[in-house]
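Q: Okay, handing you the structure first.
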Amino acid sequence: DIKYYPDYDTDYEDATCLPGKMNGRPSFDSMAECCIGAYPAQTSGACFAGMDSPPTVAPTTEADKKWFKDPESNDFTTGTCINDGPVPSGYVAYGTNAECCAGEYSTQITGACFAGMANAPSAAPSSVDDIKYYPDYDTDYE
């Protein structure tokens, strides 16, 4: 098994871990363990950046997640959109659940996609009869 040791000969902010063993230096089972153990206060991220598959700088945020048609939704009338994983190949990615529902289920008469949203819109827009008019007393009459 490959072991890793800290490169104490390099400036702390630029240092990484090296494969192998060196007498007098701690030994770690993985490069990630070495970076965490040997360079816990390193702000440059140089040690992790030196890995073959470095971790991302920051975790994925909710804003980064994309919405797409649920691959499990085989019935158009009950279909919904999800954002709980990578967008499958060949699927369209949307920024919001509403955009996905409008793009994928614009002719869905059941409204299942929109109804499945956390803050679902109303089933129908207000009718013209519901509109009320009132005078604007703050504007000068000309």
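Lettering and numbering for the structure tokens are positional, with chains as A, B, ... in the shown order, residues counted from 1 in each chain, and ligands counted from 1 in the shown order.
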Write out as a PyMOL selection string which residues come within 9 Å of stretch 33-48 of chain A when counting only C-alpha atoms, dropping same-chain ones fewer than 5 positions away.
A: chain A and resi 4-6+12-18+26-28+53-55+57
Q: Find the spatial neighbours of A:Asn97, counting only C-alpha atoms, within a cut-off of 10 Å - ignore same-chain residues fewer than 6 positions away - and output them as JSON, numbers by chain.
A: {"A": [66, 67, 68, 69, 80, 81, 82, 83, 103, 113, 114, 116, 117, 118, 120]}
Q: Okay, now the selection with N, CA, C and O atoms, as a CSV table (one decimal), in the first residue's frame?
A:
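Final output, selection-v4.csv:
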```csv
chain,number,residue,atom,x,y,z
A,66,LYS,N,-29.5,21.8,-10.7
A,66,LYS,CA,-30.3,22.0,-11.9
A,66,LYS,C,-31.6,21.1,-11.8
A,66,LYS,O,-31.5,20.0,-11.3
A,67,TRP,N,-32.7,21.6,-12.3
A,67,TRP,CA,-33.9,20.8,-12.4
A,67,TRP,C,-34.0,20.1,-13.7
A,67,TRP,O,-33.6,20.6,-14.7
A,68,PHE,N,-34.5,18.9,-13.7
A,68,PHE,CA,-34.7,18.1,-14.9
A,68,PHE,C,-35.9,17.2,-14.8
A,68,PHE,O,-36.3,16.9,-13.6
A,69,LYS,N,-36.4,16.7,-15.9
A,69,LYS,CA,-37.6,15.8,-15.9
A,69,LYS,C,-37.2,14.5,-15.1
A,69,LYS,O,-36.1,14.0,-15.4
A,80,THR,N,-43.2,14.8,-13.0
A,80,THR,CA,-42.7,15.9,-12.2
A,80,THR,C,-41.2,16.1,-12.6
A,80,THR,O,-40.6,15.4,-13.4
A,81,CYS,N,-40.6,17.2,-12.0
A,81,CYS,CA,-39.2,17.5,-12.2
A,81,CYS,C,-38.5,17.3,-10.8
A,81,CYS,O,-39.1,17.5,-9.8
A,82,ILE,N,-37.2,17.0,-10.9
A,82,ILE,CA,-36.4,16.8,-9.7
A,82,ILE,C,-35.1,17.6,-9.9
A,82,ILE,O,-34.7,18.0,-10.9
A,83,ASN,N,-34.3,17.7,-8.7
A,83,ASN,CA,-33.0,18.3,-8.8
A,83,ASN,C,-32.1,17.6,-7.8
A,83,ASN,O,-31.2,18.2,-7.2
A,103,GLY,N,-41.3,23.8,-19.3
A,103,GLY,CA,-40.6,23.3,-20.5
A,103,GLY,C,-40.9,21.8,-20.8
A,103,GLY,O,-41.0,21.5,-22.0
A,113,CYS,N,-47.1,18.3,-12.3
A,113,CYS,CA,-45.8,18.8,-12.1
A,113,CYS,C,-45.8,20.1,-11.3
A,113,CYS,O,-45.1,20.2,-10.3
A,114,PHE,N,-46.6,21.0,-11.6
A,114,PHE,CA,-46.7,22.3,-10.8
A,114,PHE,C,-47.2,22.0,-9.4
A,114,PHE,O,-46.8,22.6,-8.4
A,116,GLY,N,-46.7,19.5,-7.6
A,116,GLY,CA,-45.7,18.9,-6.8
A,116,GLY,C,-44.6,19.8,-6.3
A,116,GLY,O,-43.7,19.4,-5.5
A,117,MET,N,-44.7,21.1,-6.7
A,117,MET,CA,-43.7,22.1,-6.2
A,117,MET,C,-43.9,22.4,-4.8
A,117,MET,O,-45.0,22.4,-4.2
A,118,ALA,N,-42.8,22.8,-4.1
A,118,ALA,CA,-42.9,23.2,-2.7
A,118,ALA,C,-43.8,24.3,-2.5
A,118,ALA,O,-44.6,24.4,-1.5
A,120,ALA,N,-46.3,25.6,-4.8
A,120,ALA,CA,-47.1,25.5,-6.0
A,120,ALA,C,-47.9,26.7,-6.3
A,120,ALA,O,-48.5,27.3,-5.4
```
Q: Restricting the calculation to only C-alpha atoms: of A:Thr107, A:Tyr137, A:Asp64, A:Ala102, which residue gets closest to A:Val87?
A: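 For A:Val87, the nearest of the candidates is A:Asp64.
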Q: Between A:Ala32, A:Gln108, A:Met22, A:Lys132, which residue has the minimum interatomic distance to A:Asp75, considering only C-alpha atoms?
A: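 With only C-alpha atoms as the atom set, the closest residue is A:Gln108.
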Q: Work out how far apart atom CA of A:Lys65 and atom CA of A:Thr110 are and give it in Å to one decimal.
A: 26.2 Å
Q: Could you give me, as an mmCIF file with N, CA and C atoms, in the first residue's frame, each residue of chain A that DSSP assigns to helix (DSSP H, G or I) when run on this structure's backbone?
A:
```
data_model
loop_
_atom_site.group_PDB
_atom_site.id
_atom_site.type_symbol
_atom_site.label_atom_id
_atom_site.label_comp_id
_atom_site.auth_asym_id
_atom_site.auth_seq_id
_atom_site.Cartn_x
_atom_site.Cartn_y
_atom_site.Cartn_z
ATOM 1 N N MET A 31 -3.510 10.498 0.546
ATOM 2 C CA MET A 31 -3.044 11.876 0.410
ATOM 3 C C MET A 31 -4.011 12.820 1.121
ATOM 4 N N ALA A 32 -5.307 12.532 1.062
ATOM 5 C CA ALA A 32 -6.285 13.384 1.739
ATOM 6 C C ALA A 32 -6.033 13.394 3.244
ATOM 7 N N GLU A 33 -5.792 12.218 3.832
ATOM 8 C CA GLU A 33 -5.500 12.152 5.267
ATOM 9 C C GLU A 33 -4.236 12.921 5.598
ATOM 10 N N CYS A 34 -3.260 12.843 4.724
ATOM 11 C CA CYS A 34 -2.012 13.566 4.925
ATOM 12 C C CYS A 34 -2.249 15.077 4.884
ATOM 13 N N CYS A 35 -3.012 15.552 3.909
ATOM 14 C CA CYS A 35 -3.301 16.987 3.798
ATOM 15 C C CYS A 35 -4.018 17.495 5.041
ATOM 16 N N ILE A 36 -4.989 16.721 5.521
ATOM 17 C CA ILE A 36 -5.749 17.118 6.703
ATOM 18 C C ILE A 36 -4.858 17.089 7.944
ATOM 19 N N GLY A 37 -4.054 16.034 8.071
ATOM 20 C CA GLY A 37 -3.215 15.879 9.257
ATOM 21 C C GLY A 37 -2.019 16.787 9.309
ATOM 22 N N ALA A 38 -1.389 17.035 8.170
ATOM 23 C CA ALA A 38 -0.142 17.802 8.151
ATOM 24 C C ALA A 38 -0.345 19.288 7.883
ATOM 25 N N ALA A 46 -3.251 24.186 -1.563
ATOM 26 C CA ALA A 46 -2.242 23.583 -2.432
ATOM 27 C C ALA A 46 -2.129 22.075 -2.242
ATOM 28 N N CYS A 47 -2.232 21.617 -1.008
ATOM 29 C CA CYS A 47 -2.080 20.185 -0.769
ATOM 30 C C CYS A 47 -3.193 19.406 -1.464
ATOM 31 N N PHE A 48 -4.441 19.828 -1.260
ATOM 32 C CA PHE A 48 -5.567 19.136 -1.910
ATOM 33 C C PHE A 48 -5.519 19.299 -3.421
ATOM 34 N N ALA A 49 -5.086 20.457 -3.894
ATOM 35 C CA ALA A 49 -5.009 20.699 -5.336
ATOM 36 C C ALA A 49 -4.004 19.761 -6.004
ATOM 37 N N GLU A 62 -27.617 24.784 -3.121
ATOM 38 C CA GLU A 62 -28.941 24.586 -3.707
ATOM 39 C C GLU A 62 -29.064 25.374 -5.019
ATOM 40 N N ALA A 63 -28.452 26.563 -5.062
ATOM 41 C CA ALA A 63 -28.527 27.388 -6.264
ATOM 42 C C ALA A 63 -27.818 26.741 -7.448
ATOM 43 N N ASP A 64 -26.832 25.881 -7.168
ATOM 44 C CA ASP A 64 -26.095 25.225 -8.238
ATOM 45 C C ASP A 64 -26.846 24.038 -8.835
ATOM 46 N N PHE A 76 -46.811 10.714 -18.453
ATOM 47 C CA PHE A 76 -46.814 12.159 -18.670
ATOM 48 C C PHE A 76 -47.819 12.862 -17.756
ATOM 49 N N THR A 77 -48.958 12.252 -17.509
ATOM 50 C CA THR A 77 -50.006 12.905 -16.720
ATOM 51 C C THR A 77 -49.617 13.085 -15.249
ATOM 52 N N THR A 78 -48.674 12.307 -14.750
ATOM 53 C CA THR A 78 -48.243 12.427 -13.353
ATOM 54 C C THR A 78 -46.781 12.855 -13.239
ATOM 55 N N ASN A 97 -37.651 24.801 -10.686
ATOM 56 C CA ASN A 97 -38.662 23.761 -10.855
ATOM 57 C C ASN A 97 -39.761 24.251 -11.800
ATOM 58 N N ALA A 98 -40.179 25.508 -11.654
ATOM 59 C CA ALA A 98 -41.228 26.059 -12.507
ATOM 60 C C ALA A 98 -40.801 26.066 -13.978
ATOM 61 N N GLU A 99 -39.554 26.432 -14.245
ATOM 62 C CA GLU A 99 -39.057 26.427 -15.631
ATOM 63 C C GLU A 99 -39.086 25.017 -16.198
ATOM 64 N N CYS A 100 -38.720 24.035 -15.379
ATOM 65 C CA CYS A 100 -38.723 22.645 -15.813
ATOM 66 C C CYS A 100 -40.146 22.185 -16.126
ATOM 67 N N CYS A 101 -41.084 22.482 -15.229
ATOM 68 C CA CYS A 101 -42.476 22.080 -15.462
ATOM 69 C C CYS A 101 -43.023 22.721 -16.734
ATOM 70 N N ALA A 102 -42.718 24.009 -16.916
ATOM 71 C CA ALA A 102 -43.195 24.704 -18.114
ATOM 72 C C ALA A 102 -42.556 24.137 -19.378
ATOM 73 N N GLY A 103 -41.294 23.783 -19.298
ATOM 74 C CA GLY A 103 -40.591 23.268 -20.468
ATOM 75 C C GLY A 103 -40.917 21.828 -20.804
ATOM 76 N N GLU A 104 -41.105 21.002 -19.789
ATOM 77 C CA GLU A 104 -41.315 19.568 -20.005
ATOM 78 C C GLU A 104 -42.791 19.153 -20.013
ATOM 79 N N ALA A 112 -49.948 18.053 -12.485
ATOM 80 C CA ALA A 112 -49.186 17.298 -11.494
ATOM 81 C C ALA A 112 -47.795 17.868 -11.252
ATOM 82 N N CYS A 113 -47.127 18.308 -12.292
ATOM 83 C CA CYS A 113 -45.768 18.829 -12.119
ATOM 84 C C CYS A 113 -45.786 20.080 -11.252
ATOM 85 N N PHE A 114 -46.627 21.049 -11.591
ATOM 86 C CA PHE A 114 -46.711 22.270 -10.797
ATOM 87 C C PHE A 114 -47.243 21.990 -9.404
ATOM 88 N N ALA A 115 -48.191 21.077 -9.274
ATOM 89 C CA ALA A 115 -48.761 20.750 -7.965
ATOM 90 C C ALA A 115 -47.721 20.129 -7.038
ATOM 91 N N VAL A 128 -60.612 37.961 -15.010
ATOM 92 C CA VAL A 128 -60.701 39.392 -15.262
ATOM 93 C C VAL A 128 -61.752 40.003 -14.340
ATOM 94 N N ASP A 129 -62.796 39.242 -14.015
ATOM 95 C CA ASP A 129 -63.850 39.737 -13.140
ATOM 96 C C ASP A 129 -63.339 40.022 -11.727
ATOM 97 N N ASP A 130 -62.224 39.405 -11.324
ATOM 98 C CA ASP A 130 -61.674 39.588 -9.986
ATOM 99 C C ASP A 130 -60.831 40.853 -9.853
#
```
